[in-house]
Structure formats: C-alpha cells, structure tokens
$ cat data-v1.cif   # mmCIF, C-alpha atoms
data_input
#
loop_
_atom_site.label_atom_id
_atom_site.label_comp_id
_atom_site.auth_asym_id
_atom_site.auth_seq_id
_atom_site.Cartn_x
_atom_site.Cartn_y
_atom_site.Cartn_z
CA MET A 42 26.14 17.70 56.11
CA GLU A 43 29.62 16.51 56.74
CA LEU A 44 33.03 17.43 55.46
CA GLN A 45 33.42 16.67 51.78
CA LEU A 46 36.52 16.10 49.70
CA GLU A 47 35.68 19.13 47.57
CA TYR A 48 36.13 21.54 50.49
CA PHE A 49 39.71 20.49 51.03
CA LEU A 50 40.46 20.56 47.31
CA VAL A 51 39.10 24.11 46.95
CA VAL A 52 41.10 25.29 49.96
CA ALA A 53 44.23 23.69 48.53
CA ALA A 54 43.58 25.38 45.18
CA ALA A 55 43.25 28.76 46.91
CA LEU A 56 46.49 28.23 48.80
CA PHE A 57 48.23 27.18 45.59
CA CYS A 58 47.11 30.32 43.79
CA ILE A 59 48.26 32.53 46.68
CA GLY A 60 51.62 30.77 46.56
CA ILE A 61 51.97 31.32 42.81
CA TYR A 62 51.09 35.00 43.21
CA GLY A 63 53.77 35.38 45.88
CA LEU A 64 56.27 33.41 43.82
CA ILE A 65 55.95 35.74 40.85
CA THR A 66 55.53 39.14 42.49
CA SER A 67 58.00 38.95 45.40
CA ARG A 68 61.15 41.00 45.20
CA ASN A 69 62.78 39.46 48.27
CA ALA A 70 64.49 36.13 47.61
CA VAL A 71 63.58 34.68 51.02
CA ARG A 72 59.91 35.44 50.38
CA VAL A 73 60.15 33.44 47.17
CA LEU A 74 61.31 30.46 49.23
CA MET A 75 58.35 30.95 51.57
CA SER A 76 55.99 30.96 48.59
CA ILE A 77 57.48 27.68 47.43
CA GLU A 78 56.72 26.23 50.86
CA LEU A 79 53.12 27.41 50.45
CA LEU A 80 52.90 25.61 47.11
CA LEU A 81 54.24 22.39 48.60
CA ASN A 82 51.75 22.62 51.45
CA ALA A 83 48.86 23.03 49.03
CA VAL A 84 49.91 19.90 47.18
CA ASN A 85 50.26 18.08 50.49
CA LEU A 86 46.70 19.02 51.43
CA ASN A 87 45.48 17.57 48.13
CA LEU A 88 47.34 14.33 48.75
CA MET A 89 45.99 14.02 52.27
CA GLY A 90 42.43 14.69 51.16
CA PHE A 91 42.55 12.04 48.46
CA SER A 92 44.23 9.64 50.85
CA ASN A 93 41.48 10.05 53.44
CA TYR A 94 38.44 10.01 51.20
CA LEU A 95 39.35 7.71 48.31
CA ASP A 96 41.99 5.45 49.83
CA GLY A 97 40.92 4.98 53.40
CA ASN A 98 42.30 1.51 53.94
CA GLU A 99 45.89 1.77 52.77
CA ILE A 100 46.75 5.41 53.13
CA LYS A 101 49.41 5.81 50.48
CA GLY A 102 48.76 9.52 50.18
CA GLN A 103 50.04 10.03 53.72
CA VAL A 104 53.19 8.09 52.89
CA PHE A 105 53.68 10.29 49.86
CA THR A 106 53.10 13.38 51.99
CA VAL A 107 55.88 12.33 54.33
CA PHE A 108 58.23 12.09 51.37
CA VAL A 109 57.13 15.50 50.14
CA ILE A 110 57.82 16.96 53.58
CA THR A 111 61.30 15.42 53.48
CA VAL A 112 62.04 16.93 50.09
CA ALA A 113 60.64 20.28 51.21
CA ALA A 114 62.97 20.38 54.22
CA ALA A 115 65.98 19.62 52.02
CA GLU A 116 64.84 22.20 49.49
CA ALA A 117 64.54 24.87 52.16
CA ALA A 118 68.07 24.18 53.41
CA VAL A 119 69.68 24.23 49.97
CA GLY A 120 67.60 27.20 48.84
CA LEU A 121 68.58 29.29 51.82
CA ALA A 122 72.23 28.37 51.28
CA ILE A 123 71.95 29.54 47.66
CA VAL A 124 70.25 32.77 48.75
CA LEU A 125 73.03 33.35 51.27
CA THR A 126 75.71 32.83 48.62
CA ILE A 127 73.98 35.15 46.17
CA TYR A 128 73.66 37.73 48.93
CA ARG A 129 77.39 37.54 49.56
CA ASN A 130 78.17 37.99 45.88
CA ARG A 131 75.68 40.65 44.88
CA ASN A 132 75.11 42.27 48.30
CA THR A 133 71.36 42.39 47.81
CA VAL A 134 68.36 40.08 48.01
CA ASP A 135 66.37 41.81 45.29
CA MET A 136 65.22 39.32 42.70
CA GLU A 137 65.44 41.94 39.98
CA GLU A 138 69.18 42.27 40.57
CA PHE A 139 69.85 38.60 39.97
CA ASN A 140 70.08 38.99 36.22
CA LEU A 141 73.47 37.46 35.57
CA LEU A 142 72.01 34.65 33.48
CA LYS A 143 69.56 36.86 31.65
CA TRP A 144 70.24 36.77 27.94
CA MET B 75 37.93 11.41 63.96
CA ASN B 76 35.04 10.89 66.27
CA LEU B 77 34.01 14.49 66.58
CA ALA B 78 30.52 15.67 65.97
CA GLU B 79 29.84 16.93 62.49
CA GLY B 80 29.12 20.46 63.59
CA VAL B 81 32.41 20.62 65.44
CA GLN B 82 34.19 19.37 62.35
CA ILE B 83 32.55 21.96 60.12
CA VAL B 84 33.24 24.82 62.50
CA SER B 85 36.86 23.84 63.08
CA PHE B 86 37.37 23.37 59.35
CA GLY B 87 36.06 26.87 58.70
CA LEU B 88 38.20 28.39 61.42
CA LEU B 89 41.35 26.63 60.25
CA THR B 90 40.66 27.58 56.64
CA VAL B 91 40.18 31.25 57.48
CA MET B 92 43.33 31.23 59.61
CA MET B 93 45.36 29.49 56.96
CA LEU B 94 44.26 31.62 54.01
CA GLY B 95 44.60 34.84 55.99
CA ALA B 96 48.08 33.92 57.15
CA ALA B 97 49.05 32.90 53.62
CA LEU B 98 47.85 36.25 52.27
CA GLY B 99 49.89 37.91 55.01
CA VAL B 100 52.98 35.92 54.00
CA VAL B 101 52.64 37.11 50.44
CA LEU B 102 51.45 40.68 50.93
CA LEU B 103 53.08 42.05 54.07
CA GLU B 104 56.01 44.42 53.70
CA ASN B 105 58.05 43.28 56.70
CA ILE B 106 59.52 39.89 55.98
CA VAL B 107 59.87 38.94 59.65
CA TYR B 108 56.09 39.15 60.03
CA SER B 109 55.82 37.01 56.92
CA ALA B 110 58.05 34.35 58.44
CA PHE B 111 55.99 34.18 61.64
CA LEU B 112 52.76 34.06 59.66
CA LEU B 113 54.26 31.18 57.68
CA GLY B 114 54.43 29.30 60.98
CA GLY B 115 50.73 30.05 61.40
CA VAL B 116 50.03 28.56 57.98
CA PHE B 117 51.90 25.39 58.92
CA MET B 118 50.07 25.04 62.24
CA SER B 119 46.68 25.48 60.59
CA MET B 120 47.69 22.92 58.01
CA ALA B 121 48.48 20.48 60.81
CA GLY B 122 45.00 21.07 62.18
CA LEU B 123 43.49 20.29 58.79
CA TYR B 124 45.51 17.07 58.72
CA LEU B 125 44.01 16.14 62.07
CA LEU B 126 40.57 16.63 60.55
CA LEU B 127 41.61 14.21 57.82
CA ASN B 128 42.39 11.39 60.32
CA ALA B 129 46.14 11.76 59.89
CA ASP B 130 47.66 12.12 63.31
CA PHE B 131 51.19 11.03 62.40
CA VAL B 132 51.52 13.41 59.46
CA ALA B 133 50.09 16.25 61.54
CA ALA B 134 52.77 15.66 64.18
CA ALA B 135 55.44 15.41 61.49
CA GLN B 136 54.18 18.64 59.96
CA VAL B 137 54.50 20.48 63.26
CA LEU B 138 57.92 19.00 63.98
CA ILE B 139 59.48 19.43 60.56
CA TYR B 140 57.83 22.53 59.19
CA VAL B 141 57.32 24.66 62.28
CA GLY B 142 60.30 23.26 64.11
CA SER B 143 62.90 23.18 61.41
CA VAL B 144 61.89 24.84 58.15
CA ASN B 145 60.40 27.92 59.76
CA VAL B 146 63.35 28.33 62.12
CA LEU B 147 65.68 27.88 59.16
CA ILE B 148 63.88 30.61 57.26
CA LEU B 149 64.07 32.91 60.28
CA PHE B 150 67.81 32.31 60.50
CA GLY B 151 68.10 33.00 56.79
CA ILE B 152 66.27 36.29 57.23
CA MET B 153 68.58 37.14 60.09
CA LEU B 154 71.66 36.40 57.99
CA VAL B 155 70.55 38.44 55.01
CA ASN B 156 68.81 41.11 57.02
CA LYS B 157 69.61 44.29 55.21
CA GLN B 158 67.21 47.14 55.31
CA GLU B 159 67.05 48.09 51.72
CA SER B 160 64.41 49.80 49.72
CA PHE B 161 64.12 48.12 46.38
CA LYS B 162 64.35 50.18 43.27
CA VAL B 163 60.94 51.11 42.00
CA LEU B 164 60.26 49.36 38.77
CA PRO B 165 58.30 51.01 36.02
CA ASN B 166 54.99 49.31 35.37
CA ALA B 167 55.17 47.28 38.57
CA TRP B 168 51.39 47.44 38.95
CA VAL B 169 50.96 45.97 35.47
CA ARG B 170 53.01 43.00 36.55
CA LYS B 171 51.12 42.55 39.81
CA GLY B 172 47.76 43.02 38.13
CA ALA B 173 48.54 40.52 35.41
CA THR B 174 49.76 38.01 37.99
CA ALA B 175 46.67 38.50 40.12
CA LEU B 176 44.47 38.05 37.06
CA VAL B 177 46.25 34.84 36.06
CA CYS B 178 46.14 33.47 39.62
CA SER B 179 42.43 34.21 40.09
CA GLY B 180 41.76 32.65 36.70
CA LEU B 181 43.71 29.59 37.73
CA PHE B 182 41.75 29.40 40.97
CA ALA B 183 38.46 29.69 39.08
CA LEU B 184 39.56 26.93 36.71
CA LEU B 185 40.70 24.64 39.50
CA SER B 186 37.59 25.15 41.63
CA THR B 187 35.31 24.59 38.64
CA MET B 188 37.17 21.38 37.90
CA VAL B 189 36.96 20.27 41.53
CA LEU B 190 33.28 21.01 41.89
CA SER B 191 32.24 19.46 38.58
CA THR B 192 34.11 16.19 38.97
CA PRO B 193 32.18 13.41 40.72
CA TRP B 194 34.88 12.30 43.15
CA MET B 195 32.80 10.49 45.70
CA SER B 196 31.15 8.14 43.24
CA GLN B 197 34.36 6.16 43.13
CA ALA B 198 34.64 6.15 46.89
CA THR B 199 34.58 2.66 48.26
CA VAL B 200 35.00 3.10 51.96
CA SER B 201 34.63 6.12 54.16
CA VAL B 202 35.13 4.41 57.49
CA PRO B 203 38.57 4.79 59.04
CA PRO B 204 40.58 1.59 59.11
CA GLU B 205 40.87 -0.60 62.18
CA GLU B 206 44.57 -0.05 62.75
CA SER B 207 45.94 3.34 63.54
CA SER B 208 47.43 5.29 60.68
CA ILE B 209 50.95 5.17 62.04
CA MET B 210 50.98 1.36 61.88
CA ILE B 211 49.90 1.41 58.25
CA ILE B 212 52.45 4.07 57.36
CA GLY B 213 55.19 2.05 59.04
CA GLN B 214 54.20 -1.08 57.16
CA HIS B 215 54.31 0.86 53.91
CA PHE B 216 57.70 2.28 54.74
CA PHE B 217 59.26 -1.09 55.33
CA SER B 218 57.56 -3.11 52.62
CA ASP B 219 56.58 -1.48 49.36
CA PHE B 220 58.10 1.95 49.94
CA LEU B 221 61.41 0.65 51.27
CA LEU B 222 63.53 1.89 48.37
CA PRO B 223 62.20 5.48 48.45
CA PHE B 224 62.52 5.46 52.22
CA GLU B 225 66.19 4.56 52.03
CA LEU B 226 66.76 6.93 49.13
CA ALA B 227 65.25 9.74 51.20
CA SER B 228 68.00 9.32 53.80
CA VAL B 229 70.69 9.50 51.12
CA PHE B 230 68.92 12.50 49.68
CA LEU B 231 68.89 14.28 53.03
CA LEU B 232 72.59 13.59 53.45
CA MET B 233 73.27 15.01 49.99
CA ALA B 234 71.20 18.10 50.77
CA MET B 235 73.03 18.63 54.05
CA VAL B 236 76.48 18.37 52.46
CA GLY B 237 75.40 20.59 49.59
CA ALA B 238 74.00 23.24 51.89
CA ILE B 239 77.18 23.30 53.96
CA ILE B 240 79.38 23.55 50.87
CA LEU B 241 77.27 26.30 49.37
CA ALA B 242 77.03 28.35 52.53
CA ARG B 243 80.58 28.20 53.80
CA ARG B 244 83.02 30.88 52.83
CA ASP B 245 85.78 30.69 50.29
CA PHE B 246 88.92 28.76 51.06
CA ILE B 247 91.99 30.84 50.38
CA PRO B 248 95.16 28.78 50.81
CA ASP B 249 97.68 31.57 50.29
CA LEU B 250 96.38 33.68 53.12
CA ILE B 251 97.03 30.99 55.68
CA PRO B 252 100.40 31.24 57.47
CA GLU B 253 102.75 28.29 57.34
CA GLU B 254 102.74 27.36 60.97
CA LYS B 255 99.01 27.20 61.15
CA ILE B 256 98.84 24.36 58.67
CA GLN B 257 100.63 22.01 61.03
CA THR B 258 98.09 22.52 63.78
CA PRO B 259 96.34 19.26 64.46
CA GLY B 260 92.63 18.92 64.60
CA TRP B 261 89.80 19.68 62.30
CA THR B 262 89.60 23.39 61.80
CA LEU B 263 87.68 24.96 58.98
CA GLN B 264 90.19 27.14 57.17
CA GLU B 265 88.16 29.93 55.78
CA ARG B 266 88.30 33.61 55.31
CA PRO B 267 86.76 35.56 58.18
CA ARG B 268 83.94 37.59 56.85
CA GLU B 269 84.43 41.30 56.83
CA LEU B 270 81.61 43.38 58.06
CA LEU B 271 79.98 45.32 55.29
CA SER B 272 80.28 48.70 56.92
CA VAL B 273 83.95 48.13 57.76
CA SER B 274 84.79 47.01 54.26
CA SER B 275 83.01 49.95 52.71
CA GLN B 276 84.86 52.32 55.03
CA GLN B 277 88.15 50.68 54.17
CA SER B 278 87.53 50.87 50.47
CA SER B 279 86.48 54.49 50.74
CA SER B 280 89.56 55.35 52.81
CA GLU B 281 91.83 53.54 50.38
CA ARG B 282 90.46 55.58 47.58
#

$ encode --input "data-v1.cif" --output "structure tokens"
Amino acid sequence: MELQLEYFLVVAAALFCIGIYGLITSRNAVRVLMSIELLLNAVNLNLMGFSNYLDGNEIKGQVFTVFVITVAAAEAAVGLAIVLTIYRNRNTVDMEEFNLLKW
Amino acid sequence: MNLAEGVQIVSFGLLTVMMLGAALGVVLLENIVYSAFLLGGVFMSMAGLYLLLNADFVAAAQVLIYVGSVNVLILFGIMLVNKQESFKVLPNAWVRKGATALVCSGLFALLSTMVLSTPWMSQATVSVPPEESSIMIIGQHFFSDFLLPFELASVFLLMAMVGAIILARRDFIPDLIPEEKIQTPGWTLQERPRELLSVSSQQSSSER
C-alpha cells in the first residue's frame, strides 16, 4: 500500500469545498480573501498530484503551479487594497453592507 | 522521495488532518486574527504535501511566497481594517449557512465519487522520479516552452503592484496644498493625512 493519486484528489476536493463554504458564508471581507486563497491551494494540490503521478518526466503541473502561486500573490495584494479602499469609504468590512451595485 | 511507505502514509495522514483542521478553523473561527494564523498552518501543511509529491522547489516557493508574503500581507490588512464591530444579525442566517453547507457537502460527495470511480492510474506510464532534479526541469521549462508566460508573469506582477499602490493610497487634493509646498524639490507623495475615526466623529459631533 503506497500513496495513491486518489488520496490527494480527495483531500483537494475537501479543501475546495471548505473554501467555497467560507467564501459564501463569511461576513468579513478579509476572510473572503482567505477563502479564495484556500480555493487556489486546493487547485494547486490537484495540479501537483497530476504532475507527479501522470507526468513524472516533464513536470508541467509544477510549472503551472508556480504561475498559479504568482497570480495568487498578485490577487492577494490587489484584493487587500480594494478591501482597504472599501473600508475607507463605507467604514465597515461587513460584506452585507457592500450593496452599492445591488440592483 | 525515498522514504519508507509507512512513513509516507503516516505523514500524509498527519498533514491532511492538520490542513483540513486548520482550514475549518480559518472558515469557522470568530476571531479573524486566529483565522489568519491558521491560514499559515494550512500553507505549511500544503508545503509538506508537496514534499510528499517529489516537488521540493514548489514546496520552498510555497513557504516563501504564501507564508512569507501572502500571509503577512493578510495580517497587515487585518491590522489596517481592525475594527471591533458586531455585525448586524441577519434574519434567516442559519438558512443561508445550512443551504451552503448542504451544497458544499453535495459538491464534495460528487467530486469524491468522480475521483474514486475514474481509473486514473491505468493511463500512468511512469511512476519513477526522473533522473534530474525537479528544479532543473522547471528551469528548462521556464526558459524554453514557457518563456512567454514567464515574462508575462513579471509584467503582471508589476501591474498588480502599481494597481495595489494606486488603489490603496489616499485621495490627492490639490487645493488643500499650500503654494510654497509645491516648489519643494524631491518626490513627496502629496496626499491627505488620514483623520482618525474617533477624532473625526468627535469633530463632526461637536460641529453639530
């Protein structure tokens, strides 16, 4: 019995579902950003698992993971800047108060 | 990885339990500072899982970028918007949470059924790790067939940095700046000093 690809895929699916739950139910805007990071990490784990088990010679999944990490860092910076600006305008971080664009 | 199989299984189980527990803590805990520190735990456990998957370079990059920069950035963001506020209680909040939990568990059931019923390993050609180390292969990919995305990533990071600075800096008000200050040489950011919230509220209440 050794480590199988399915183990990593199931763990990544669990992390993805936890991230989606946090993304929808959080009231704090910073926690929404953290949930997005969880989602990106779950996808990264999928990519790394496929890269190790199905593409062992030329590991393109790892290259893709590095790009995803780059985009995630940029997304965190811009997202926190947006949260900071919204906080200055509305004086709250409650997601329910950000309803300016609601029909 | 040339670890014994039992060691691999045990460390995989430990890392999985740590990661899922920390992720549940990120989502469910009330205090957001605890959530941010537990997010660092999630990233570290994820780096351990990458090590189990023979990816030493990406594990190091994960620790450096996620724990070292993204997590610290989130902590600074929490510090900047740290306002102890109790959110307004929504009616039917438990309906929303229950429906979301139902949908997420259904999605997890669907995904795990799909994962377990698909014969992945039948298409597997090799399971031995390659002769070169993974960092050499990643470097060759970066400078041959992934050269354009690699260069575009640097432009993208520059764009994100400029955008974050522009979004986060304060408003520029030209009429509030005195005349003699404009002639001062050097690069000074001309921006409105931020009033403290308590001071501004006191001022507005005293004006009224």

$ closest_atom_pairs --input "data-v1.cif" --of "chain A" --to "chain B" --cutoff "6 Å" --atoms "all atoms listed in the file" --output "Markdown table"
| residue | atom | partner | partner_atom | distance |
| --- | --- | --- | --- | --- |
| A:Glu43 | CA | B:Glu79 | CA | 5.8 |
| A:Val51 | CA | B:Ser186 | CA | 5.6 |
| A:Cys58 | CA | B:Cys178 | CA | 5.3 |
| A:Gly63 | CA | B:Val101 | CA | 5.0 |
| A:Leu95 | CA | B:Ala198 | CA | 5.2 |
| A:Asn98 | CA | B:Pro204 | CA | 5.4 |
| A:Ala115 | CA | B:Ala234 | CA | 5.6 |
| A:Val119 | CA | B:Ala238 | CA | 4.8 |
| A:Ala122 | CA | B:Ala242 | CA | 5.0 |

$ write_last_selection --input "data-v1.cif" --atoms "C-alpha atoms" --output "mmCIF file, in the frame of the given file"
data_model
loop_
_atom_site.group_PDB
_atom_site.id
_atom_site.type_symbol
_atom_site.label_atom_id
_atom_site.label_comp_id
_atom_site.auth_asym_id
_atom_site.auth_seq_id
_atom_site.Cartn_x
_atom_site.Cartn_y
_atom_site.Cartn_z
ATOM 1 C CA GLU A 43 29.620 16.510 56.740
ATOM 2 C CA VAL A 51 39.100 24.110 46.950
ATOM 3 C CA CYS A 58 47.110 30.320 43.790
ATOM 4 C CA GLY A 63 53.770 35.380 45.880
ATOM 5 C CA LEU A 95 39.350 7.710 48.310
ATOM 6 C CA ASN A 98 42.300 1.510 53.940
ATOM 7 C CA ALA A 115 65.980 19.620 52.020
ATOM 8 C CA VAL A 119 69.680 24.230 49.970
ATOM 9 C CA ALA A 122 72.230 28.370 51.280
#

$ atom_distance --input "data-v1.cif" --atom1 "CA of Ala113 (chain A)" --atom2 "CA of Ser76 (chain A)"
11.9 Å

$ closest_residue --input "data-v1.cif" --among "A:Val71, A:Leu80, A:Ala54, A:Leu44" --to "Ile123 (chain A)" --atoms "only C-alpha atoms"
A:Val71

$ atom_distance --input "data-v1.cif" --atom1 "CA of Ser207 (chain B)" --atom2 "CA of Asn76 (chain B)"
13.5 Å

$ atom_distance --input "data-v1.cif" --atom1 "CA of Glu116 (chain A)" --atom2 "CA of Glu78 (chain A)"
9.2 Å

$ closest_residue --input "data-v1.cif" --among "A:Leu86, A:Gln45, A:Val73, A:Leu121" --to "Val109 (chain A)" --atoms "all atoms listed in the file"
A:Leu86

$ resolve_selection --input "data-v1.cif" --expression "the PyMOL selection byres ((chain A and resi 103-108) around 7)" --output "PyMOL selection string"
(chain A and resi 85+88-89+92+100-102+109-112) or (chain B and resi 132+212)

$ resolve_selection --input "data-v1.cif" --expression "the PyMOL selection byres ((chain A and resi 137) around 10)" --output "VMD selection string"
(chain A and resid 67 to 70 133 to 136 138 to 140) or (chain B and resid 161 to 162 164)
